[in-house]
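Peer 1: Below is model-v3.txt; it holds compact mmCIF, C-alpha atoms.
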# COMPACT_ATOMS: atom_id res chain seq x y z
CA MET A 30 -0.80 24.01 80.20
CA ALA A 31 2.71 24.77 81.30
CA ALA A 32 3.21 27.05 84.26
CA GLY A 33 3.79 30.69 83.28
CA THR A 34 1.76 30.53 80.07
CA PRO A 35 0.00 33.86 79.61
CA ASP A 36 -3.74 33.72 80.13
CA LEU A 37 -5.06 34.21 76.61
CA ALA A 38 -8.55 33.71 75.27
CA ALA A 39 -8.96 30.68 73.02
CA PRO A 40 -8.81 31.55 69.31
CA ARG A 41 -12.19 32.19 67.64
CA GLU A 42 -13.90 32.44 71.02
CA ALA A 43 -17.06 34.53 70.66
CA TYR A 44 -16.52 38.22 71.45
CA ARG A 45 -18.24 39.20 74.68
CA ARG A 46 -19.24 42.81 75.09
CA LYS A 47 -18.60 44.09 78.60
CA LYS A 48 -21.70 45.75 79.95
CA SER A 49 -21.00 49.11 81.56
CA THR A 50 -24.57 49.70 82.68
CA ARG A 51 -27.04 47.70 84.72
CA THR A 52 -30.17 48.48 82.71
CA ASN A 53 -31.21 48.94 79.08
CA TYR A 54 -32.66 52.38 79.89
CA GLU A 55 -30.74 54.20 77.13
CA LEU A 56 -31.72 51.56 74.56
CA TYR A 57 -35.41 51.94 75.39
CA GLY A 58 -35.00 55.73 75.18
CA TRP A 59 -33.42 55.39 71.74
CA VAL A 60 -36.26 53.13 70.52
CA PHE A 61 -38.88 55.44 72.05
CA MET A 62 -37.50 58.51 70.21
CA ARG A 63 -37.96 56.73 66.87
CA ALA A 64 -41.35 55.14 67.59
CA SER A 65 -42.88 58.28 69.14
CA GLY A 66 -41.35 60.41 66.38
CA VAL A 67 -43.32 58.61 63.68
CA VAL A 68 -46.59 58.89 65.67
CA LEU A 69 -45.91 62.56 66.47
CA LEU A 70 -45.38 63.34 62.78
CA VAL A 71 -48.97 62.23 62.09
CA LEU A 72 -50.46 63.82 65.24
CA ILE A 73 -48.72 67.21 64.85
CA PHE A 74 -49.19 67.53 61.08
CA GLY A 75 -52.90 66.81 61.65
CA HIS A 76 -53.03 69.35 64.50
CA LEU A 77 -51.32 72.04 62.40
CA PHE A 78 -53.55 71.35 59.39
CA VAL A 79 -56.81 71.59 61.34
CA ASN A 80 -55.76 74.63 63.41
CA LEU A 81 -53.80 76.68 60.86
CA MET A 82 -54.87 75.64 57.34
CA VAL A 83 -58.62 74.97 57.54
CA GLY A 84 -61.03 77.95 57.48
CA ASP A 85 -59.56 81.21 58.79
CA GLY A 86 -56.50 79.43 60.23
CA VAL A 87 -54.99 80.99 63.34
CA HIS A 88 -57.68 83.71 63.36
CA ALA A 89 -60.41 81.13 63.97
CA ILE A 90 -58.83 79.96 67.24
CA ASP A 91 -60.67 81.09 70.37
CA PHE A 92 -62.40 79.51 73.37
CA ALA A 93 -65.37 78.39 71.25
CA PHE A 94 -63.02 76.69 68.74
CA VAL A 95 -61.13 74.74 71.43
CA GLY A 96 -64.35 74.01 73.32
CA GLY A 97 -65.98 72.72 70.16
CA LYS A 98 -63.02 70.42 69.45
CA TRP A 99 -62.86 68.99 72.97
CA THR A 100 -66.54 68.02 73.06
CA SER A 101 -65.39 65.19 70.80
CA PRO A 102 -63.54 62.27 72.46
CA PHE A 103 -61.60 61.92 69.19
CA TRP A 104 -59.79 65.25 69.68
CA GLN A 105 -59.45 64.68 73.44
CA VAL A 106 -57.56 61.44 72.81
CA TRP A 107 -55.60 63.03 69.93
CA ASP A 108 -54.46 65.96 72.08
CA LEU A 109 -53.76 63.83 75.15
CA LEU A 110 -51.59 61.45 73.12
CA MET A 111 -49.85 64.40 71.48
CA LEU A 112 -49.20 66.03 74.88
CA TRP A 113 -47.66 62.94 76.47
CA LEU A 114 -45.63 61.74 73.49
CA ALA A 115 -44.33 65.21 72.63
CA MET A 116 -43.40 65.99 76.24
CA ILE A 117 -41.56 62.69 76.76
CA HIS A 118 -39.88 62.94 73.33
CA GLY A 119 -38.86 66.57 73.93
CA THR A 120 -37.74 66.03 77.52
CA ASN A 121 -35.58 63.07 76.51
CA GLY A 122 -34.08 65.14 73.68
CA VAL A 123 -33.20 68.03 75.98
CA ARG A 124 -31.83 65.52 78.54
CA THR A 125 -29.45 64.24 75.85
CA ILE A 126 -28.36 67.78 75.03
CA ILE A 127 -27.75 68.61 78.73
CA ASN A 128 -25.67 65.42 79.09
CA ASP A 129 -23.65 66.42 76.01
CA TYR A 130 -22.84 70.01 76.87
CA ALA A 131 -23.03 70.50 80.66
CA GLU A 132 -19.70 69.16 81.90
CA ARG A 133 -19.87 69.93 85.64
CA ASP A 134 -21.82 67.38 87.69
CA THR A 135 -23.76 70.02 89.63
CA THR A 136 -24.67 71.96 86.47
CA ARG A 137 -26.00 68.79 84.88
CA LEU A 138 -27.96 67.89 88.00
CA VAL A 139 -29.55 71.34 88.36
CA LEU A 140 -30.46 71.58 84.66
CA LYS A 141 -32.01 68.12 84.65
CA LEU A 142 -33.97 68.77 87.86
CA ALA A 143 -35.37 71.95 86.26
CA LEU A 144 -36.20 69.97 83.13
CA TYR A 145 -38.03 67.23 85.04
CA LEU A 146 -39.90 69.84 87.10
CA ALA A 147 -41.07 71.57 83.90
CA PHE A 148 -42.06 68.18 82.45
CA THR A 149 -44.15 67.32 85.52
CA ILE A 150 -45.92 70.70 85.72
CA VAL A 151 -46.76 70.81 82.00
CA VAL A 152 -47.91 67.18 81.70
CA VAL A 153 -50.02 67.30 84.88
CA ALA A 154 -51.56 70.69 83.96
CA GLY A 155 -52.25 69.65 80.38
CA THR A 156 -53.78 66.29 81.35
CA LEU A 157 -56.02 67.89 84.00
CA VAL A 158 -57.21 70.52 81.52
CA ILE A 159 -58.20 67.93 78.91
CA PHE A 160 -60.11 65.83 81.48
CA THR A 161 -61.73 68.53 83.64
CA PHE A 162 -62.49 71.03 80.88
CA SER A 163 -66.08 72.23 80.44
CA PRO A 164 -66.96 73.78 77.06
CA CYS A 165 -69.95 75.58 78.66
CA PRO A 166 -68.76 77.02 82.00
CA VAL A 167 -71.61 78.26 84.21
CA GLY A 168 -72.06 82.03 84.17
CA ALA A 169 -69.80 82.63 81.16
CA ASP A 170 -70.63 85.17 78.43
CA PRO A 171 -72.80 83.12 75.98
CA SER A 172 -71.28 84.92 72.96
CA LEU A 173 -67.90 83.32 73.72
CA LEU A 174 -69.16 79.72 73.96
CA PRO A 175 -69.20 76.98 71.30
CA SER A 176 -72.53 76.22 69.56
CA VAL A 177 -72.88 72.84 71.36
CA CYS A 178 -73.81 74.75 74.54
CA PHE A 179 -77.07 75.90 72.94
CA SER A 180 -78.31 72.77 71.17
CA MET B 23 -13.31 63.05 81.00
CA PRO B 24 -10.94 65.68 79.60
CA SER B 25 -12.47 69.13 79.73
CA ALA B 26 -10.90 70.14 76.41
CA PRO B 27 -11.13 67.27 73.94
CA ALA B 28 -8.14 66.92 71.64
CA GLY B 29 -9.12 67.32 68.00
CA THR B 30 -12.74 67.19 67.01
CA LEU B 31 -15.32 64.68 65.95
CA TYR B 32 -17.18 67.25 63.89
CA ARG B 33 -16.86 66.35 60.22
CA GLY B 34 -18.97 69.07 58.58
CA ARG B 35 -21.06 68.54 55.47
CA GLU B 36 -24.57 67.05 55.31
CA GLY B 37 -24.12 64.63 58.22
CA MET B 38 -23.02 67.17 60.83
CA TRP B 39 -25.16 70.10 59.71
CA SER B 40 -28.36 68.05 59.62
CA TRP B 41 -27.51 66.88 63.16
CA VAL B 42 -26.97 70.49 64.30
CA ALA B 43 -30.23 71.61 62.66
CA HIS B 44 -32.09 68.68 64.25
CA ARG B 45 -30.89 69.74 67.72
CA VAL B 46 -31.61 73.44 67.23
CA THR B 47 -35.12 72.86 65.84
CA GLY B 48 -35.82 70.28 68.56
CA VAL B 49 -34.96 72.69 71.38
CA LEU B 50 -37.00 75.48 69.75
CA ILE B 51 -40.04 73.24 69.41
CA PHE B 52 -39.68 72.00 73.01
CA PHE B 53 -39.69 75.50 74.50
CA PHE B 54 -42.67 76.49 72.36
CA LEU B 55 -44.46 73.33 73.53
CA LEU B 56 -44.03 74.29 77.20
CA VAL B 57 -45.55 77.73 76.57
CA HIS B 58 -48.26 76.34 74.27
CA VAL B 59 -49.60 73.82 76.83
CA LEU B 60 -49.71 76.52 79.51
CA ASP B 61 -51.52 79.05 77.28
CA THR B 62 -54.03 76.36 76.25
CA ALA B 63 -54.53 75.55 79.95
CA LEU B 64 -56.17 79.00 80.26
CA VAL B 65 -59.37 77.50 78.78
CA ARG B 66 -59.79 76.13 82.31
CA VAL B 67 -59.63 79.66 83.80
CA SER B 68 -62.24 81.48 81.68
CA PRO B 69 -63.18 82.06 78.03
CA GLU B 70 -62.05 85.70 78.42
CA ALA B 71 -58.61 84.75 79.77
CA TYR B 72 -58.02 82.25 76.94
CA ASN B 73 -59.21 84.63 74.22
CA ALA B 74 -57.07 87.47 75.60
CA VAL B 75 -53.88 85.39 75.46
CA ILE B 76 -54.64 83.63 72.17
CA SER B 77 -55.29 86.98 70.49
CA THR B 78 -51.60 87.80 71.03
CA TYR B 79 -50.85 84.82 68.73
CA GLN B 80 -52.96 86.45 66.02
CA THR B 81 -50.78 89.50 65.42
CA GLU B 82 -48.65 89.82 62.29
CA ILE B 83 -45.34 89.45 64.12
CA MET B 84 -46.51 86.28 65.88
CA GLY B 85 -47.83 85.08 62.52
CA LEU B 86 -44.26 85.17 61.20
CA GLY B 87 -43.13 83.37 64.37
CA GLU B 88 -45.70 80.65 63.69
CA ALA B 89 -44.34 80.29 60.15
CA GLY B 90 -40.87 79.79 61.66
CA LEU B 91 -42.23 77.29 64.17
CA VAL B 92 -43.95 75.28 61.45
CA ALA B 93 -40.74 75.36 59.39
CA ALA B 94 -38.80 73.99 62.40
CA ILE B 95 -41.39 71.24 62.95
CA VAL B 96 -41.48 70.23 59.26
CA PHE B 97 -37.68 69.98 59.06
CA HIS B 98 -37.44 68.09 62.37
CA ALA B 99 -40.17 65.66 61.25
CA PHE B 100 -38.69 64.86 57.83
CA ASN B 101 -35.11 64.71 59.09
CA GLY B 102 -36.36 62.42 61.89
CA ILE B 103 -37.62 59.99 59.24
CA ARG B 104 -34.18 60.23 57.60
CA ILE B 105 -32.53 59.34 60.93
CA ILE B 106 -34.83 56.31 61.29
CA LEU B 107 -33.89 55.20 57.76
CA VAL B 108 -30.18 55.65 58.51
CA ASP B 109 -30.63 53.45 61.61
CA PHE B 110 -32.92 50.72 60.29
CA TRP B 111 -32.56 50.59 56.49
CA ALA B 112 -29.51 48.61 55.38
CA LYS B 113 -28.62 51.19 52.73
CA GLY B 114 -29.50 54.15 54.98
CA PRO B 115 -25.94 55.17 55.91
CA LYS B 116 -24.87 54.93 52.25
CA TYR B 117 -27.64 57.29 51.14
CA GLN B 118 -27.72 59.63 54.16
CA ARG B 119 -26.43 62.59 52.10
CA VAL B 120 -28.91 62.09 49.28
CA MET B 121 -31.65 61.67 51.87
CA LEU B 122 -30.87 65.08 53.40
CA TRP B 123 -31.46 66.67 49.99
CA VAL B 124 -34.71 64.73 49.72
CA VAL B 125 -35.64 66.10 53.18
CA ILE B 126 -34.87 69.64 51.99
CA GLY B 127 -36.94 69.07 48.83
CA LEU B 128 -39.95 67.75 50.79
CA PHE B 129 -39.52 70.64 53.23
CA ALA B 130 -39.68 73.15 50.36
CA VAL B 131 -42.80 71.51 48.90
CA THR B 132 -44.57 71.38 52.30
CA MET B 133 -43.73 74.99 53.12
CA ALA B 134 -44.87 76.07 49.63
CA GLY B 135 -48.22 74.52 50.47
CA PHE B 136 -48.42 75.99 53.97
CA LEU B 137 -46.90 79.49 53.77
CA PRO B 138 -49.23 81.20 51.24
CA ARG B 139 -52.34 79.95 53.08
CA HIS B 140 -51.01 80.88 56.54
CA LEU B 141 -49.65 84.28 55.50
CA MET B 142 -52.97 85.08 53.80
CA ASN B 143 -54.74 84.27 57.08
CA VAL B 144 -52.25 86.34 59.07
CA PHE B 145 -52.08 89.44 56.85
CA SER B 146 -55.64 89.60 55.55
CA GLY B 147 -56.88 90.09 59.09
CA GLY B 148 -59.02 86.94 59.14
CA HIS B 149 -61.88 88.41 61.11
Hey, can you dump this file as structure tokens for me?

Peer 2:
Amino acid sequence: MAAGTPDLAAPREAYRRKKSTRTNYELYGWVFMRASGVVLLVLIFGHLFVNLMVGDGVHAIDFAFVGGKWTSPFWQVWDLLMLWLAMIHGTNGVRTIINDYAERDTTRLVLKLALYLAFTIVVVAGTLVIFTFSPCPVGADPSLLPSVCFS
Amino acid sequence: MPSAPAGTLYRGREGMWSWVAHRVTGVLIFFFLLVHVLDTALVRVSPEAYNAVISTYQTEIMGLGEAGLVAAIVFHAFNGIRIILVDFWAKGPKYQRVMLWVVIGLFAVTMAGFLPRHLMNVFSGGH
């Protein structure tokens, strides 16, 4: 090569994408939204059907109804999965929206901190309720309890 | 980043409006979800506390709200499948417009199945 030749890439050299990030975090988020979305469609449609369409629908929902459902591990796992997937899916969606519309750095930071705080409180509270719930609390009015408490 | 972008990327029509509707319904569902987990958590307080709060969901006005919530969920779910097809199916981008009309059709069918049953439960008093 003669001196002064401009430094050009060889013809037909493979294109190399320059990475602007260190991790694949956003890619995993993108994949998660699609994978969890499909699972949530099944979980939530099932939830809505059982709670709103069967029997008296919304009028049938009371402590005894929820207590009766959660005596079955099937509904415990269903609701736990729904809680976690929906909260992560929803939090990641709102995170995207905050990143899109909040232009000031401090606004973005504050909104996202509030979002992550809400996520933590709701997921921790919901998980504890599913695992520590008793369908037949001691001393409760028997007329409000599910039938399993008396069999 | 410029604070006032020159021009706009918004192109209107099926592509943009389905995207707008997906965002709006998503945010609505998310805020309901936060409230819904907390009201359900009242089963851990006492049967009376849970029943008192859940009975506010059983009024006629809330019944209409639930219909709106279900509508938002059904649209978000079906349009989500459309987004997955646009991303992963080779012909997805070509048929994205047609697929939005399929989403709207499936939405109409699903709501036609749900609404009469739910509104009967809400307005006939149930119990």

Peer 1: Residues of chain A were defined as contacting chain B if any atom lay at most 9 Å from it, counting only C-alpha atoms; please report them as a PyMOL selection string.

Peer 2: chain A and resi 63+66-67+69-70+73-74+77-78+81-82+84-93+95-96+112+115-116+119-120+122-123+126+132+147-148+151-152+154-155+157-159+161-164+166+169-170+173-174

Peer 1: So how far away is atom CA of Leu91 of chain B from atom CA of Arg124 of chain A, in Å?

Peer 2: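 Taking atom CA of Arg124 of chain A as the start and atom CA of Leu91 of chain B as the end point, the length is 21.3 Å.
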
Peer 1: As a ChimeraX atom specification, please: the residues near segment 113-119 of chain B (cut-off 12 Å, all atoms listed in the file, same-chain neighbours under 2 positions excluded).

Peer 2: /B:34-41,101-111,121-126

Peer 1: Please produce an output containing C-alpha atoms for each residue in the selection, written as a CSV table (one decimal), in the coordinates of the input.

Peer 2:
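Dumped to selection-v7.csv:
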chain,number,residue,atom,x,y,z
B,34,GLY,CA,-19.0,69.1,58.6
B,35,ARG,CA,-21.1,68.5,55.5
B,36,GLU,CA,-24.6,67.0,55.3
B,37,GLY,CA,-24.1,64.6,58.2
B,38,MET,CA,-23.0,67.2,60.8
B,39,TRP,CA,-25.2,70.1,59.7
B,40,SER,CA,-28.4,68.0,59.6
B,41,TRP,CA,-27.5,66.9,63.2
B,101,ASN,CA,-35.1,64.7,59.1
B,102,GLY,CA,-36.4,62.4,61.9
B,103,ILE,CA,-37.6,60.0,59.2
B,104,ARG,CA,-34.2,60.2,57.6
B,105,ILE,CA,-32.5,59.3,60.9
B,106,ILE,CA,-34.8,56.3,61.3
B,107,LEU,CA,-33.9,55.2,57.8
B,108,VAL,CA,-30.2,55.6,58.5
B,109,ASP,CA,-30.6,53.4,61.6
B,110,PHE,CA,-32.9,50.7,60.3
B,111,TRP,CA,-32.6,50.6,56.5
B,121,MET,CA,-31.6,61.7,51.9
B,122,LEU,CA,-30.9,65.1,53.4
B,123,TRP,CA,-31.5,66.7,50.0
B,124,VAL,CA,-34.7,64.7,49.7
B,125,VAL,CA,-35.6,66.1,53.2
B,126,ILE,CA,-34.9,69.6,52.0

Peer 1: With the input short on atoms, add all heavy atoms back to segment 120-131 of chain B and write it as a CSV table (one decimal), in the coordinates of the input.

Peer 2:
chain,number,residue,atom,x,y,z
B,120,VAL,N,-27.8,61.9,50.2
B,120,VAL,CA,-28.9,62.1,49.3
B,120,VAL,C,-30.2,62.3,50.0
B,120,VAL,O,-31.0,63.2,49.7
B,120,VAL,CB,-29.1,60.8,48.4
B,120,VAL,CG1,-30.1,61.0,47.3
B,120,VAL,CG2,-27.7,60.5,47.8
B,121,MET,N,-30.4,61.6,51.1
B,121,MET,CA,-31.6,61.7,51.9
B,121,MET,C,-31.8,63.0,52.5
B,121,MET,O,-32.9,63.5,52.6
B,121,MET,CB,-31.8,60.6,52.9
B,121,MET,CG,-32.1,59.2,52.4
B,121,MET,SD,-32.7,58.0,53.6
B,121,MET,CE,-31.2,57.8,54.6
B,122,LEU,N,-30.7,63.7,52.9
B,122,LEU,CA,-30.9,65.1,53.4
B,122,LEU,C,-31.4,66.0,52.3
B,122,LEU,O,-32.3,66.8,52.6
B,122,LEU,CB,-29.5,65.6,54.0
B,122,LEU,CG,-29.7,67.1,54.5
B,122,LEU,CD1,-30.7,67.1,55.7
B,122,LEU,CD2,-28.4,67.7,54.9
B,123,TRP,N,-30.9,65.8,51.1
B,123,TRP,CA,-31.5,66.7,50.0
B,123,TRP,C,-32.9,66.3,49.7
B,123,TRP,O,-33.7,67.2,49.3
B,123,TRP,CB,-30.5,66.6,48.8
B,123,TRP,CG,-29.2,67.2,49.1
B,123,TRP,CD1,-28.0,66.5,49.4
B,123,TRP,CD2,-28.9,68.6,49.3
B,123,TRP,NE1,-27.1,67.4,49.7
B,123,TRP,CE2,-27.6,68.7,49.7
B,123,TRP,CE3,-29.7,69.7,49.2
B,123,TRP,CZ2,-27.0,69.9,50.0
B,123,TRP,CZ3,-29.1,71.0,49.5
B,123,TRP,CH2,-27.7,71.0,49.9
B,124,VAL,N,-33.3,65.1,49.9
B,124,VAL,CA,-34.7,64.7,49.7
B,124,VAL,C,-35.5,65.4,50.8
B,124,VAL,O,-36.6,66.0,50.6
B,124,VAL,CB,-34.9,63.2,49.8
B,124,VAL,CG1,-36.4,62.8,49.8
B,124,VAL,CG2,-34.2,62.5,48.6
B,125,VAL,N,-35.0,65.4,52.0
B,125,VAL,CA,-35.6,66.1,53.2
B,125,VAL,C,-35.8,67.6,52.8
B,125,VAL,O,-36.9,68.1,53.0
B,125,VAL,CB,-34.8,66.0,54.5
B,125,VAL,CG1,-35.3,66.9,55.5
B,125,VAL,CG2,-34.9,64.5,55.0
B,126,ILE,N,-34.8,68.2,52.3
B,126,ILE,CA,-34.9,69.6,52.0
B,126,ILE,C,-35.9,69.9,50.9
B,126,ILE,O,-36.7,70.8,50.9
B,126,ILE,CB,-33.5,70.2,51.6
B,126,ILE,CG1,-32.6,70.2,52.9
B,126,ILE,CG2,-33.6,71.6,51.0
B,126,ILE,CD1,-31.1,70.5,52.6
B,127,GLY,N,-36.0,69.0,49.9
B,127,GLY,CA,-36.9,69.1,48.8
B,127,GLY,C,-38.4,69.0,49.4
B,127,GLY,O,-39.2,69.8,49.1
B,128,LEU,N,-38.6,67.9,50.2
B,128,LEU,CA,-40.0,67.8,50.8
B,128,LEU,C,-40.3,68.9,51.7
B,128,LEU,O,-41.5,69.4,51.7
B,128,LEU,CB,-40.0,66.5,51.6
B,128,LEU,CG,-39.9,65.2,50.8
B,128,LEU,CD1,-39.8,63.9,51.8
B,128,LEU,CD2,-41.2,65.0,49.9
B,129,PHE,N,-39.3,69.5,52.4
B,129,PHE,CA,-39.5,70.6,53.2
B,129,PHE,C,-40.0,71.8,52.4
B,129,PHE,O,-41.0,72.5,52.7
B,129,PHE,CB,-38.2,71.0,53.9
B,129,PHE,CG,-38.2,72.3,54.7
B,129,PHE,CD1,-38.7,72.4,56.0
B,129,PHE,CD2,-37.7,73.5,54.0
B,129,PHE,CE1,-38.7,73.6,56.6
B,129,PHE,CE2,-37.7,74.7,54.7
B,129,PHE,CZ,-38.2,74.8,56.0
B,130,ALA,N,-39.3,72.0,51.2
B,130,ALA,CA,-39.7,73.2,50.4
B,130,ALA,C,-41.1,73.0,49.8
B,130,ALA,O,-41.9,73.9,49.8
B,130,ALA,CB,-38.7,73.2,49.2
B,131,VAL,N,-41.5,71.8,49.4
B,131,VAL,CA,-42.8,71.5,48.9
B,131,VAL,C,-43.9,71.8,50.0
B,131,VAL,O,-44.9,72.4,49.8
B,131,VAL,CB,-42.9,70.1,48.4
B,131,VAL,CG1,-44.4,69.7,48.1
B,131,VAL,CG2,-42.0,69.9,47.1
